[in-house]
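A.B. asks: Let me begin by handing over the structure; questions about it come next.
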Amino acid sequence: MKNIAPKLTPEQYEQNFAELHPPFTSNSAVAEANRCLYCFDSPCMKACPTHIDISTFIKKIATGNLKGSAKTILESNWVALTCAKACPVDVLCEGACVYNERGEQPIQIGRLQRYAIDWYFEQGMPTLFTPAPKNGKTIGVIGAGPAGLACAAELALMGYDVTIYEAKDKPGGLDTWGIAPYKMTQADSLNEVKLIERFGVKIKTGVRIGKNLSVAELEKRHDAVFLGLGLPSPTRMHIPGEDLPGVYDALEFIERVTTRNWKSVDVGNRVAVIGAGNTAIDAITEAKRLGAEQVMIIYRRSRNEMSAYDFEFELAKHDGVIFHFLTAPIRILGNSHVEALECTRMKLGEPDAKGRRALEPIPNSEFQLPVDMVIKSVGQKANESFLSEIPNLRIQNGQVWVDPETLQTSNPKYFAGGDCINVGKEVVHAAADGKKAAHGIDKCLFSKESVNKSGKHG
């Protein structure tokens, strides 16, 4: 790479990637928990996609019952530490807190949840749940991300023999590989994996279905299969220069940063990220924290249309990110390496039938931005070549079609959840999908016999 940003000292890297929200002390956690009004209608609980009983877990923190608090949380969400650290709480649980209506700071639900779950892991994960006796059925789960882990945990507690097949060498999916280190670490995600393995779930890493294990063999081994394979394929922009050295996919870049081997990640002095979602923000702020001198986001629509959350936008501005709105890349320039990004100005036209405004390039508005590195963050898509190997699997609008009640696919042996059915929502949605699919599988295989078979007790 030309014009590599100077490497920083170990201390500078650690400072730049320090946690955005440090953990509560014991006293501050209890003080914050005692602010909770324990609302009878729990708007925070309704706003959580996994419907954690938030008032109850907070009350238990206030009374010093951290084991009970952790149990209340985990009963609803098997990746609770990831969600505590990386969830957009200000638009979910904390956004629904009644303190907002008073113009006061909402209860810091995410940090309280982290406090309880941190304690649980620090105590060595004391037993909270005991799996039911084996029921003779076996389930295969493709993908060890949050949807797959949640599905596997729930099924294991109901007595199923569960095996997860994961292509990467470490499980956890995007929780392990795709979240900025200043939000959470790989160790946090791997602790959640260890918890689920305690229920008897087997995780086989380095196994790619269709390559190391055929679809036919997978179906032969298991009574049902859950697809939690996410969106592994980056979307191409189809512009000249896209394959030049110095052009990276956002998740590829973030994955390298999550290993915390900072010095091994080269970053250009001038970095442009194309796209304006939450992943784009993670990528550009990481580039800045690795030492890039100038960082910018290129987005073809306006600020109002960008999908990144407000707090991500504010974080990027705080880090000095320059936003080029209504700007579309048309080609990447360079001889043997990226040297510039050519763009054109855009204007918004009339709304279509869905209310989305059309985009129109402004004639003769082309200009060039000198850059040393381009990171593409224009979306991910499902691995359609693999999905096509599954008989009678219906793909609709680039995602796996499922029955909304059971998450069963058009092939009755397969169920699905997470990014491959919702095109990249939050981790908490994937966790909710995994749990929902587990009960859909149970209902399918055992019908009404499963009603009282939760397998959860203290």
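Identifiers in this document derive from the order of the structure tokens: chains are assigned A, B, ..., residues are numbered from 1 separately in each chain, and ligands are numbered from 1 in order of occurrence.
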Would you kindly return, as a PyMOL selection string, each protein, DNA or RNA residue with an atom no farther than 10 Å from any atom of stretch 141-144 of chain A, considering only C-alpha atoms and excluding same-chain residues fewer than 6 positions away?

C.D. replies: chain A and resi 150-152+162-168+170-176+193+202-205+207-209+218+222+224-230+414-416

A.B. asks: Name the residues of stretch 111-333 of chain A that come out as strand (DSSP E) in a backbone DSSP run; write them as an mmCIF file with C-alpha atoms, in the first residue's frame.

C.D. replies:
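What follows is the written file states_24.cif:
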```cif
data_model
loop_
_atom_site.group_PDB
_atom_site.id
_atom_site.type_symbol
_atom_site.label_atom_id
_atom_site.label_comp_id
_atom_site.auth_asym_id
_atom_site.auth_seq_id
_atom_site.Cartn_x
_atom_site.Cartn_y
_atom_site.Cartn_z
ATOM 1 C CA THR A 138 -30.566 -34.433 16.508
ATOM 2 C CA ILE A 139 -30.326 -30.953 14.991
ATOM 3 C CA GLY A 140 -27.677 -29.437 12.732
ATOM 4 C CA VAL A 141 -27.021 -25.709 12.886
ATOM 5 C CA ILE A 142 -25.137 -23.965 10.086
ATOM 6 C CA ASP A 161 -28.498 -33.344 20.426
ATOM 7 C CA VAL A 162 -27.172 -30.228 18.646
ATOM 8 C CA THR A 163 -24.121 -29.775 16.412
ATOM 9 C CA ILE A 164 -23.085 -26.385 15.020
ATOM 10 C CA TYR A 165 -21.027 -26.252 11.828
ATOM 11 C CA GLU A 166 -18.923 -23.106 11.516
ATOM 12 C CA LYS A 202 -20.984 -29.475 19.865
ATOM 13 C CA ILE A 203 -19.286 -26.847 17.698
ATOM 14 C CA LYS A 204 -17.239 -27.971 14.703
ATOM 15 C CA THR A 205 -15.153 -25.089 13.326
ATOM 16 C CA ALA A 224 -33.827 -30.801 11.209
ATOM 17 C CA VAL A 225 -31.366 -28.093 10.155
ATOM 18 C CA PHE A 226 -31.195 -24.431 11.173
ATOM 19 C CA LEU A 227 -29.669 -21.943 8.746
ATOM 20 C CA SER A 233 -20.860 -12.246 0.412
ATOM 21 C CA PRO A 234 -20.059 -8.542 -0.073
ATOM 22 C CA VAL A 247 -9.787 -1.585 -2.096
ATOM 23 C CA TYR A 248 -11.260 -3.631 0.765
ATOM 24 C CA ASP A 249 -14.604 -4.925 1.917
ATOM 25 C CA ARG A 270 -6.349 9.060 3.365
ATOM 26 C CA VAL A 271 -9.208 6.589 3.659
ATOM 27 C CA ALA A 272 -12.662 6.692 2.095
ATOM 28 C CA VAL A 273 -15.534 4.408 3.078
ATOM 29 C CA ILE A 274 -18.352 4.041 0.567
ATOM 30 C CA GLN A 294 -7.868 11.951 6.753
ATOM 31 C CA VAL A 295 -11.030 9.838 6.850
ATOM 32 C CA MET A 296 -14.236 10.349 4.907
ATOM 33 C CA ILE A 297 -17.573 8.709 4.167
ATOM 34 C CA ILE A 298 -19.015 8.819 0.654
ATOM 35 C CA ILE A 322 -15.765 14.066 6.856
ATOM 36 C CA PHE A 323 -19.146 13.226 5.302
ATOM 37 C CA HIS A 324 -19.685 13.672 1.574
ATOM 38 C CA THR A 327 -22.035 11.964 -3.619
ATOM 39 C CA ALA A 328 -21.750 8.779 -5.693
ATOM 40 C CA PRO A 329 -18.489 7.033 -6.622
ATOM 41 C CA ILE A 330 -18.170 6.402 -10.357
ATOM 42 C CA ARG A 331 -14.666 4.940 -10.569
ATOM 43 C CA ILE A 332 -11.553 4.216 -8.519
ATOM 44 C CA LEU A 333 -8.359 5.513 -10.075
#
```

A.B. asks: Excluding A:Thr82 and residues on its chain fewer than 5 positions from it, collect all residues at most 12 Å away from it, counting only C-alpha atoms, and give them as an mmCIF file with C-alpha atoms, in the first residue's frame.

C.D. replies:
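Output saved as selection-v3.cif:
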```
data_model
loop_
_atom_site.group_PDB
_atom_site.id
_atom_site.type_symbol
_atom_site.label_atom_id
_atom_site.label_comp_id
_atom_site.auth_asym_id
_atom_site.auth_seq_id
_atom_site.Cartn_x
_atom_site.Cartn_y
_atom_site.Cartn_z
ATOM 1 C CA LEU A 74 -30.207 -15.266 30.008
ATOM 2 C CA ASN A 77 -31.182 -13.768 25.492
ATOM 3 C CA CYS A 87 -26.937 -3.057 20.923
ATOM 4 C CA PRO A 88 -28.366 0.302 19.834
ATOM 5 C CA VAL A 89 -29.986 0.638 23.260
ATOM 6 C CA GLY A 110 -27.195 -1.790 28.650
ATOM 7 C CA ARG A 111 -24.516 -1.078 31.246
ATOM 8 C CA GLN A 113 -27.073 -5.792 31.838
ATOM 9 C CA ARG A 114 -23.352 -5.879 31.228
ATOM 10 C CA ILE A 117 -23.424 -10.764 32.874
ATOM 11 C CA ASP A 118 -19.810 -9.716 33.518
ATOM 12 C CA GLY A 145 -23.263 -16.557 14.947
ATOM 13 C CA PRO A 146 -25.848 -15.178 17.384
ATOM 14 C CA GLY A 172 -19.338 -16.385 17.282
ATOM 15 C CA GLY A 173 -20.036 -15.029 13.803
ATOM 16 C CA LEU A 174 -20.202 -11.246 13.588
ATOM 17 C CA ASP A 175 -20.113 -11.051 17.406
ATOM 18 C CA THR A 176 -16.544 -12.376 17.202
ATOM 19 C CA GLY A 178 -17.569 -7.963 12.980
ATOM 20 C CA ILE A 179 -17.924 -5.594 15.948
ATOM 21 C CA ALA A 180 -15.499 -2.748 16.580
ATOM 22 C CA PRO A 181 -13.085 -3.488 19.464
ATOM 23 C CA LYS A 183 -17.500 -1.759 21.705
ATOM 24 C CA MET A 184 -16.585 -5.334 22.681
ATOM 25 C CA THR A 185 -13.799 -7.895 22.355
ATOM 26 C CA GLN A 186 -13.543 -11.334 20.791
ATOM 27 C CA ALA A 187 -13.118 -12.708 24.327
ATOM 28 C CA ASP A 188 -16.600 -11.421 25.225
ATOM 29 C CA SER A 189 -18.136 -13.306 22.311
ATOM 30 C CA LEU A 190 -16.164 -16.485 23.005
ATOM 31 C CA ASN A 191 -17.390 -16.478 26.623
ATOM 32 C CA GLU A 192 -20.936 -16.656 25.278
ATOM 33 C CA VAL A 193 -19.886 -19.577 23.094
ATOM 34 C CA GLU A 426 -29.146 -6.097 14.881
ATOM 35 C CA VAL A 427 -27.577 -8.940 16.894
ATOM 36 C CA VAL A 428 -30.543 -8.875 19.266
ATOM 37 C CA ALA A 430 -30.736 -12.617 15.401
ATOM 38 C CA ALA A 431 -30.830 -13.876 18.995
#
```

A.B. asks: How many Å lie between atom CA of A:Tyr160 and atom CA of A:Asn212, rounded to one decimal?

C.D. replies: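 Pair atom CA of A:Tyr160 / atom CA of A:Asn212 returns 23.8 Å.
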
A.B. asks: What's the 7 Å shell around A:Gly246, counting only C-alpha atoms, without same-chain residues fewer than 6 positions away, as JSON, numbers by chain?

C.D. replies: {"A": [1, 337, 338, 372, 373, 374]}

A.B. asks: Those residues you just picked out, can you put them in a file as an mmCIF file, in the first residue's frame with N, CA and C atoms?

C.D. replies:
```
data_model
loop_
_atom_site.group_PDB
_atom_site.id
_atom_site.type_symbol
_atom_site.label_atom_id
_atom_site.label_comp_id
_atom_site.auth_asym_id
_atom_site.auth_seq_id
_atom_site.Cartn_x
_atom_site.Cartn_y
_atom_site.Cartn_z
ATOM 1 N N MET A 1 0.847 -1.203 0.000
ATOM 2 C CA MET A 1 0.000 0.000 0.000
ATOM 3 C C MET A 1 0.875 1.243 0.000
ATOM 4 N N HIS A 337 -2.195 0.775 -7.729
ATOM 5 C CA HIS A 337 -2.767 0.917 -6.386
ATOM 6 C C HIS A 337 -3.741 2.092 -6.411
ATOM 7 N N VAL A 338 -4.655 2.085 -5.455
ATOM 8 C CA VAL A 338 -5.621 3.181 -5.354
ATOM 9 C C VAL A 338 -4.894 4.524 -5.197
ATOM 10 N N ASP A 372 -5.780 6.873 -0.489
ATOM 11 C CA ASP A 372 -4.815 5.774 -0.508
ATOM 12 C C ASP A 372 -5.490 4.430 -0.246
ATOM 13 N N MET A 373 -6.746 4.479 0.198
ATOM 14 C CA MET A 373 -7.437 3.259 0.590
ATOM 15 C C MET A 373 -8.940 3.502 0.460
ATOM 16 N N VAL A 374 -9.648 2.526 -0.117
ATOM 17 C CA VAL A 374 -11.104 2.594 -0.242
ATOM 18 C C VAL A 374 -11.698 1.367 0.429
#
```

A.B. asks: I'd like the contact shell of A:Arg301 - 12 Å cut-off, only C-alpha atoms, skipping same-chain residues fewer than 2 positions apart - returned as a PyMOL selection string.

C.D. replies: chain A and resi 274-277+297-299+303-307+323-329+344-349+356-361

A.B. asks: DSSP on the backbone: what in stretch 6-248 of chain A comes out alpha helix (DSSP H), as a PyMOL selection string?

C.D. replies: chain A and resi 10-16+26-33+43-47+54-62+66-74+80-86+109-122+146-157+174-177+186-197+215-221

A.B. asks: Counting only C-alpha atoms, which residue out of A:Asn261, A:His439, A:Leu393, A:Cys36 sits closest to A:Pro106?

C.D. replies: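 Ranked by minimum distance to A:Pro106, first place goes to A:Cys36.
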